[in-house]
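Each remark here refers to the structure printed beneath this line.
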Amino acid sequence: MATPPPPPRPHGRGREIHTLDEFDASLALPGGLAGLRIQSVDLTHRTFALLATPTAATVFLGCPMEPEAAVKVRADGALVFPPVPGLPFDPYRNRLYTPDELYEGVGGDDGYPATPDALSYAWFRATRADGDVFSSMLRSIHDDAVGDALDEHLAGRPVAGVMGGHAMGRGTEAYAGAARLGRSLARAGYTVATGGGPGAMEAANLGAYTAPFADPALTEALAHLAKAPSYTPSVTDWARAAFRVRALLPGGGDSISIPTWFYGHEPSNAFAGHIAKYFANALREEGLLARSTAGVVFLPGAAGTVQEIFGNATPNYYGSLGAPTPMVLVDRAHWTGRLPAWPLLERLAENRPMAARIALVDSVDDAPAALARLAAA
């Protein structure tokens, strides 16, 4: 039997379509929709267009459509990955999450357990060890889609990462310091990126959120949040306090958080404007560090933060991702005494280009200037 010829390569092949407006505009392209990737767009009201337009080699990812349209595009040679019913998340999503999306329903009678965030974590816990290839495939598709959306969102932006422990409580001076750091970095023109959880991560995203407002706004926000200092024992109360602050200060600044359902017992914070939430923690950790192109500030933390320090140091040491990026460790006593990561980092950097890109500072308020100095080195 003869090998069939490869599919045609029409104009626009590989171009992604994320909205109905983009879909409608693409109908006028030479070759119609042929070769496009249409991602998570509801096409149930575009049946006529689908019946009348070429769709050879088009890929439809999670796009609802009428049965007759699905039959026609398959006959054209399109690949159709239909929506998966019964999931609390869209594996083909074409955009990052928002706090309102993940926490939808948190103000209702059932609180946090009824939100998409909690339901997705429950699904993950139920499927991650069952050996079902379909479930693992859905997680992989979802995480790849989120990574793609994250790259599109961050393209061309200087991203400064802030790492630190999840146990840092609201109402503490350490939390206030991390919030000031996030505010300073955002005001300096950086896109602040964190691991997306509570503690230091929430504080940095909060600081970036309050950056457009006058300084007293952050003081006011910290006072409100201190009334619910931790996500234990009630994630619901913790989250509702954050949304009350957002309501008091609508239209805050944007930042990025990159959390994971692998640590789903630590809920995502509600102050990042855009949230790239993954199922696979390894993808999340590597992606967060690799995308922090303007450098990373490491606040005091424990095992997770130590892992992030040396996860960042490794490509800087070998130059595997290009020139080394700045690394600022905050709190000399912590990083030279309690967890002496700094002496090892300093020794690794000896006689290497990364030596000019690492710094240890005593105070969180010294970190923005240190980051700028290292970036200029």
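Ligands are numbered from 1 in the order shown, chains are lettered A, B, ... in the order of the structure tokens, and residues start at 1 in each chain.
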
> In segment 138-308 of chain A, what's helix (DSSP H, G or I) per DSSP? Answer as JSON, numbers by chain?
Replying inline: {"A": [138, 139, 140, 141, 142, 143, 144, 145, 146, 147, 148, 149, 150, 151, 152, 153, 154, 173, 174, 175, 176, 177, 178, 179, 180, 181, 182, 183, 184, 185, 186, 187, 200, 201, 202, 203, 204, 205, 206, 207, 208, 209, 210, 216, 217, 218, 219, 220, 221, 222, 223, 224, 225, 235, 236, 237, 238, 239, 240, 241, 242, 243, 244, 245, 246, 247, 248, 261, 262, 263, 281, 282, 283, 284, 285, 286, 287, 288, 289, 290, 291, 303, 304, 305, 306, 307, 308]}

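Excluding Arg93 of chain A and any residue on its chain fewer than 2 positions from it, the residues at most 7 Å away by only C-alpha atoms are Gln39, Ser40, Asp90, Pro91, Arg95 and Ala145 of chain A.
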
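Between Val296 of chain A and the candidates A:Ala204, A:Ala341, A:Val328, A:Leu138, the tightest atom-to-atom separation, counting only C-alpha atoms, involves A:Val328.
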
> Tell me, which residues of segment 213-352 of chain A carry DSSP strand (DSSP E or B), written as a list in words?
Replying inline: Ile256, Ser257, Thr260, His274, Ile275, Tyr278, Val296, Val297, Phe298, Met327, Val328, Leu329 and Val330 of chain A

Write the selection just made, keeping all heavy atoms, as a compact mmCIF listing (two decimals), in the first residue's frame?
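See again.txt below for the written result:
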```
# COMPACT_ATOMS: atom_id res chain seq x y z
N ILE A 256 2.58 37.53 38.67
CA ILE A 256 2.41 36.13 38.29
C ILE A 256 2.63 35.24 39.50
O ILE A 256 3.53 35.49 40.31
CB ILE A 256 3.43 35.76 37.19
CG1 ILE A 256 3.06 36.44 35.87
CG2 ILE A 256 3.50 34.26 36.99
CD1 ILE A 256 1.81 35.88 35.23
N SER A 257 1.81 34.19 39.60
CA SER A 257 2.13 33.15 40.57
C SER A 257 2.09 31.80 39.85
O SER A 257 1.33 31.62 38.89
CB SER A 257 1.15 33.16 41.75
OG SER A 257 -0.13 32.69 41.37
N THR A 260 1.10 24.81 42.44
CA THR A 260 0.90 23.44 41.99
C THR A 260 -0.13 22.74 42.86
O THR A 260 -0.19 22.96 44.07
CB THR A 260 2.23 22.66 42.03
OG1 THR A 260 1.98 21.28 41.74
CG2 THR A 260 2.88 22.73 43.40
N HIS A 274 -2.42 36.89 37.48
CA HIS A 274 -2.48 35.73 36.60
C HIS A 274 -1.78 34.55 37.29
O HIS A 274 -0.72 34.73 37.90
CB HIS A 274 -1.82 36.02 35.26
CG HIS A 274 -2.57 37.02 34.44
ND1 HIS A 274 -2.42 38.39 34.61
CD2 HIS A 274 -3.50 36.86 33.47
CE1 HIS A 274 -3.21 39.02 33.77
NE2 HIS A 274 -3.88 38.14 33.07
N ILE A 275 -2.40 33.39 37.20
CA ILE A 275 -1.93 32.21 37.93
C ILE A 275 -1.71 31.07 36.95
O ILE A 275 -2.61 30.68 36.21
CB ILE A 275 -2.96 31.79 39.00
CG1 ILE A 275 -3.23 32.94 39.96
CG2 ILE A 275 -2.47 30.55 39.75
CD1 ILE A 275 -4.39 32.68 40.92
N TYR A 278 -0.07 24.28 37.95
CA TYR A 278 0.30 23.01 37.34
C TYR A 278 -0.11 21.84 38.24
O TYR A 278 -0.24 21.98 39.45
CB TYR A 278 1.82 22.93 37.16
CG TYR A 278 2.40 23.84 36.10
CD1 TYR A 278 2.69 25.17 36.38
CD2 TYR A 278 2.69 23.36 34.83
CE1 TYR A 278 3.25 26.00 35.42
CE2 TYR A 278 3.26 24.18 33.86
CZ TYR A 278 3.53 25.50 34.16
OH TYR A 278 4.08 26.31 33.22
N VAL A 296 16.34 36.43 40.90
CA VAL A 296 15.49 35.88 41.97
C VAL A 296 15.98 36.40 43.31
O VAL A 296 17.18 36.45 43.57
CB VAL A 296 15.52 34.34 41.98
CG1 VAL A 296 14.60 33.80 43.07
CG2 VAL A 296 15.12 33.76 40.62
N VAL A 297 15.01 36.78 44.15
CA VAL A 297 15.29 37.12 45.53
C VAL A 297 14.81 35.97 46.40
O VAL A 297 13.65 35.55 46.30
CB VAL A 297 14.58 38.43 45.95
CG1 VAL A 297 14.84 38.72 47.43
CG2 VAL A 297 15.03 39.58 45.08
N PHE A 298 15.71 35.45 47.24
CA PHE A 298 15.39 34.32 48.10
C PHE A 298 15.23 34.81 49.54
O PHE A 298 16.21 35.20 50.19
CB PHE A 298 16.48 33.25 48.02
CG PHE A 298 16.62 32.65 46.66
CD1 PHE A 298 17.54 33.16 45.74
CD2 PHE A 298 15.85 31.58 46.28
CE1 PHE A 298 17.67 32.62 44.47
CE2 PHE A 298 15.98 31.02 45.00
CZ PHE A 298 16.88 31.55 44.11
N MET A 327 21.08 36.50 41.73
CA MET A 327 20.53 35.77 42.86
C MET A 327 20.83 36.58 44.13
O MET A 327 21.99 36.85 44.43
CB MET A 327 21.16 34.38 42.99
CG MET A 327 20.95 33.47 41.79
SD MET A 327 21.82 31.88 41.97
CE MET A 327 20.95 31.17 43.38
N VAL A 328 19.78 36.99 44.84
CA VAL A 328 19.94 37.76 46.06
C VAL A 328 19.35 36.96 47.22
O VAL A 328 18.17 36.63 47.21
CB VAL A 328 19.24 39.12 45.97
CG1 VAL A 328 19.39 39.89 47.27
CG2 VAL A 328 19.78 39.93 44.79
N LEU A 329 20.19 36.62 48.20
CA LEU A 329 19.73 35.93 49.40
C LEU A 329 19.55 36.96 50.52
O LEU A 329 20.44 37.78 50.75
CB LEU A 329 20.72 34.85 49.83
CG LEU A 329 20.62 33.49 49.14
CD1 LEU A 329 20.84 33.62 47.63
CD2 LEU A 329 21.59 32.49 49.75
N VAL A 330 18.40 36.89 51.19
CA VAL A 330 18.05 37.87 52.22
C VAL A 330 18.13 37.23 53.59
O VAL A 330 17.56 36.14 53.81
CB VAL A 330 16.63 38.42 51.98
CG1 VAL A 330 16.21 39.34 53.12
CG2 VAL A 330 16.55 39.16 50.64
```

Can you list every residue of segment 281-351 of chain A that has an atom at most 10 Å from segment 357-370 of chain A, with its nearest atom pair and the distance in Å to one decimal, using only C-alpha atoms, ordered by chain then number, as a Markdown table?
```
| residue | atom | partner | partner_atom | distance |
| --- | --- | --- | --- | --- |
| A:Gly295 | CA | A:Arg357 | CA | 8.9 |
| A:Val296 | CA | A:Ile358 | CA | 9.8 |
| A:Val297 | CA | A:Ala367 | CA | 7.1 |
| A:Phe298 | CA | A:Ala367 | CA | 9.3 |
| A:Leu299 | CA | A:Val364 | CA | 7.6 |
| A:Pro300 | CA | A:Val364 | CA | 9.8 |
| A:Ala313 | CA | A:Ile358 | CA | 9.5 |
| A:Asn316 | CA | A:Arg357 | CA | 9.0 |
| A:Ala323 | CA | A:Arg357 | CA | 9.7 |
| A:Pro324 | CA | A:Arg357 | CA | 6.8 |
| A:Thr325 | CA | A:Arg357 | CA | 6.4 |
| A:Pro326 | CA | A:Arg357 | CA | 4.6 |
| A:Met327 | CA | A:Ile358 | CA | 4.8 |
| A:Val328 | CA | A:Ala359 | CA | 4.9 |
| A:Leu329 | CA | A:Leu360 | CA | 4.8 |
| A:Val330 | CA | A:Val361 | CA | 5.1 |
| A:Asp331 | CA | A:Asp362 | CA | 4.6 |
| A:Arg332 | CA | A:Asp362 | CA | 5.2 |
| A:Ala333 | CA | A:Asp362 | CA | 7.9 |
| A:His334 | CA | A:Asp362 | CA | 9.5 |
| A:Trp335 | CA | A:Leu360 | CA | 8.4 |
| A:Thr336 | CA | A:Leu360 | CA | 9.5 |
| A:Trp342 | CA | A:Leu360 | CA | 7.5 |
| A:Leu345 | CA | A:Ile358 | CA | 8.4 |
| A:Glu346 | CA | A:Ile358 | CA | 7.8 |
| A:Ala349 | CA | A:Ile358 | CA | 8.2 |
```

Those same residues - C-alpha atoms - I'd like them written as a CSV table (one decimal), in the first residue's frame.
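Result written to selection.csv:
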```
chain,number,residue,atom,x,y,z
A,295,GLY,CA,16.8,37.4,38.8
A,296,VAL,CA,15.5,35.9,42.0
A,297,VAL,CA,15.3,37.1,45.5
A,298,PHE,CA,15.4,34.3,48.1
A,299,LEU,CA,13.7,35.1,51.4
A,300,PRO,CA,14.3,33.0,54.5
A,313,ALA,CA,22.4,28.0,40.9
A,316,ASN,CA,24.1,29.7,36.4
A,323,ALA,CA,24.4,34.3,31.0
A,324,PRO,CA,23.9,33.8,34.8
A,325,THR,CA,20.9,35.7,36.3
A,326,PRO,CA,21.1,37.6,39.6
A,327,MET,CA,20.5,35.8,42.9
A,328,VAL,CA,19.9,37.8,46.1
A,329,LEU,CA,19.7,35.9,49.4
A,330,VAL,CA,18.0,37.9,52.2
A,331,ASP,CA,19.0,37.5,55.9
A,332,ARG,CA,22.6,36.9,56.6
A,333,ALA,CA,22.0,35.0,59.9
A,334,HIS,CA,19.6,32.6,58.2
A,335,TRP,CA,21.6,31.8,55.2
A,336,THR,CA,25.0,31.6,56.9
A,342,TRP,CA,25.4,31.1,51.2
A,345,LEU,CA,26.8,29.1,46.8
A,346,GLU,CA,29.7,31.4,47.2
A,349,ALA,CA,30.6,30.7,42.2
```

>> Which residues are close to segment 155-166 of chain A, i.e. within 10 Å by only C-alpha atoms, leaving aside same-chain residues fewer than 6 positions away? Reply as a PyMOL selection string.
In response: chain A and resi 178+181-182+185-186+189-205+230+255-257+266+288-306+308-309+326-330+368+371

>> I'd like to know which of A:Ala122, A:Ala377, A:Tyr317, A:Glu286 is closest to Leu348 of chain A, using only C-alpha atoms.
In response: A:Tyr317

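Atom CA of Met137 of chain A lies 19.7 Å from atom CA of Pro116 of chain A.
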
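Nearest-residue note for Ala174 of chain A: choosing from A:Leu222, A:Tyr263, A:Ala282, A:Phe89, the minimum distance belongs to A:Leu222, counting only C-alpha atoms.
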
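Non-sequential neighbours of Ala223 of chain A (distance at most 8 Å, separation of 4 or more positions within a chain, only C-alpha atoms) are A:Gly171, A:Thr219, A:Lys227.
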
Please produce a file of the residues just selected, as a PDB file, in the first residue's frame, where the atoms kept are N, CA and C atoms.
```
ATOM      1  N   GLY A 171       0.486  39.289  59.357  1.00  0.00           N
ATOM      2  CA  GLY A 171       0.589  39.993  60.625  1.00  0.00           C
ATOM      3  C   GLY A 171       1.975  40.037  61.210  1.00  0.00           C
ATOM      4  N   THR A 219      -0.354  49.229  54.021  1.00  0.00           N
ATOM      5  CA  THR A 219      -0.547  49.173  55.470  1.00  0.00           C
ATOM      6  C   THR A 219      -1.973  48.755  55.809  1.00  0.00           C
ATOM      7  N   LYS A 227      -6.133  39.620  60.395  1.00  0.00           N
ATOM      8  CA  LYS A 227      -7.271  39.035  61.112  1.00  0.00           C
ATOM      9  C   LYS A 227      -7.471  37.563  60.760  1.00  0.00           C
TER      10      LYS A 227
END
```

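The space between atom CA of His18 of chain A and atom CA of Ser140 of chain A spans 19.5 Å.
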
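Using only C-alpha atoms, the nearest neighbour of Thr53 of chain A within the list A:Gly207, A:Pro67, A:Gly32, A:Gly105 is A:Gly32.
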
>> Can you tell me which residues surround Asp237 of chain A at a distance of at most 9 Å, considering only C-alpha atoms, apart from same-chain residues fewer than 6 positions away, and format the answer as a list in words?
In response: Gly111, Tyr112, Ala228, Ser230 and Tyr231 of chain A

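Between Ala272 of chain A and the residues A:Glu220, A:Asp100, A:Glu350, A:Asp117, the shortest atom-to-atom distance, using only C-alpha atoms, involves A:Asp100.
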